[in-house]
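Enquirer: After the structure tokens below, expect a handful of questions from me.
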Amino acid sequence: MIEYFEKPDWISWEEIRSFLFEAHAANREKGIVMSHYQWPAEKIKESLGENGMMLVAVDGHKLVGTAAIAEKYGSCWYAKGRYAYECYAGVLPDYAGRGIFKHLEIKREELARTQGYKILVGDTHAKNKHRQEIALKNGFRTVRFFRAKSNDHYSVVYVKWLDQCPYSAFYCNYKYQTSKAKAIIRTKLSSSISFIKRK
């Protein structure tokens, strides 16, 4: 039987790091690489911050799923002030299709509400269409498209307002499509400038 709870002491942060690397093996094979899943264990722990929390799914004593939230502060149109940032989610391939991720998502949203957050924000690799579809099914809206800091891929940001979304679906889509166009144009301009400088 799968059980869900906050990460206990008997699951180390090194085990969380190893788990995430294994859980995202299929994505890496598809070229969907998110750098923070490969961080050292201590950096993963620190990135959650003082008020962050790691949820786990276990089968006996075997770690089979994770989902975390970190407290962040924003000043952009979709997230002003304090919000919960979704991160470090994964399920072992052998356990896929059992509803584990869905259950972790429900638990994560319940946790965010309990801690008084009004907004849940997440992001994923732009090629990770499956994750984006799950977010949309769960009431999130895509709001931003950007070039990742590592400069090797684009990312998509999705948001769920836990009370009521103050923006129309049209406005959210407009902001998303505008950011996508800007990100692609910036990348092309940057590539052109680099090419000219090399000449």
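As shown in the structure tokens, the chain order sets the letters A, B, ...; within each chain, residues go from 1, and ligands are also counted from 1 in the order they appear.
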Could you pull out the residues in segment 16-136 of chain A that DSSP calls alpha helix (DSSP H) from the backbone, as number ranges by chain?

Expert: A: 16-23, 25-29, 41-47, 100-114, 129-136

Enquirer: Counting only C-alpha atoms, which residues of segment 91-115 of chain A fall within 10 Å of segment 29-53 of chain A, and what is the closest atom pair for each with its distance in Å at one decimal, ordered by chain and rising number, as JSON lines?

Expert:
{"residue": "A:Arg108", "atom": "CA", "partner": "A:Met53", "partner_atom": "CA", "distance": 9.1}
{"residue": "A:Leu111", "atom": "CA", "partner": "A:Met53", "partner_atom": "CA", "distance": 8.8}
{"residue": "A:Ala112", "atom": "CA", "partner": "A:Met53", "partner_atom": "CA", "distance": 9.7}
{"residue": "A:Gln115", "atom": "CA", "partner": "A:Asn51", "partner_atom": "CA", "distance": 9.1}

Enquirer: From a DSSP pass on the backbone, collect the residues of chain A flagged as strand (DSSP E or B) and hand them back as a PyMOL selection string.

Expert: chain A and resi 2-6+53-59+62-76+79-91+119-125+141-147+154-161

Enquirer: Taking only C-alpha atoms into account, which of A:Lys62, A:Lys175, A:Lys107, A:Lys118 comes nearest Lys80 of chain A?

Expert: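 Result for the nearest residue to Lys80 of chain A: A:Lys118.
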
Enquirer: Please report as JSON lines every residue of segment 69-122 of chain A lying within 12 Å of segment 144-154 of chain A, along with the nearest atom pair and their distance in Å (one decimal), using only C-alpha atoms.

Expert:
{"residue": "A:Cys76", "atom": "CA", "partner": "A:Arg144", "partner_atom": "CA", "distance": 10.4}
{"residue": "A:Trp77", "atom": "CA", "partner": "A:Arg144", "partner_atom": "CA", "distance": 10.3}
{"residue": "A:Tyr78", "atom": "CA", "partner": "A:Arg144", "partner_atom": "CA", "distance": 9.2}
{"residue": "A:Ala79", "atom": "CA", "partner": "A:Arg144", "partner_atom": "CA", "distance": 11.4}
{"residue": "A:Val121", "atom": "CA", "partner": "A:Arg144", "partner_atom": "CA", "distance": 10.9}
{"residue": "A:Gly122", "atom": "CA", "partner": "A:Arg144", "partner_atom": "CA", "distance": 10.6}

Enquirer: Determine, for each residue of segment 85-165 of chain A having at least one atom at most 10 Å from an atom of segment 1-24 of chain A, the closest pair of atoms and their separation in Å to one decimal, counting only C-alpha atoms; order by chain and ascending number, as a tab-separated table.

Expert:
residue	atom	partner	partner_atom	distance
A:Tyr88	CA	A:Leu20	CA	7.2
A:Ala89	CA	A:Leu20	CA	7.8
A:Gly90	CA	A:Ala23	CA	5.6
A:Val91	CA	A:Ala23	CA	5.5
A:Leu92	CA	A:Ala23	CA	4.7
A:Pro93	CA	A:Ala23	CA	6.3
A:Asp94	CA	A:Ala23	CA	9.4
A:Tyr95	CA	A:Ala23	CA	9.9
A:Ala96	CA	A:Ala23	CA	9.8
A:Arg98	CA	A:Ile2	CA	9.7
A:Ile100	CA	A:Ile2	CA	8.1
A:His103	CA	A:Tyr4	CA	8.3
A:Leu104	CA	A:Tyr4	CA	7.5
A:Lys107	CA	A:Tyr4	CA	8.2

Enquirer: Work out how far atom CA of Ala67 of chain A is from atom CA of Leu120 of chain A, in Å to one decimal.

Expert: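 According to the coordinates, atom CA of Leu120 of chain A and atom CA of Ala67 of chain A are separated by 12.9 Å.
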
Enquirer: Compare A:Cys165, A:Val56, A:Ile134, A:Ala126 by their minimum atom-to-atom distance to Lys180 of chain A, counting only C-alpha atoms, and give me the closest one.

Expert: A:Ala126

Enquirer: What is the atom CA of Thr142 of chain A-atom CA of Asn173 of chain A distance in Å, reported with one decimal?

Expert: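 Atom CA of Thr142 of chain A sits 7.0 Å away from atom CA of Asn173 of chain A.
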
Enquirer: Neighbours of Arg131 of chain A within 12 Å (only C-alpha atoms; same-chain residues fewer than 2 positions away dropped), as a ChimeraX atom specification?

Expert: /A:27,32,89-90,101-102,105,122-129,133-138,140,142,155-158
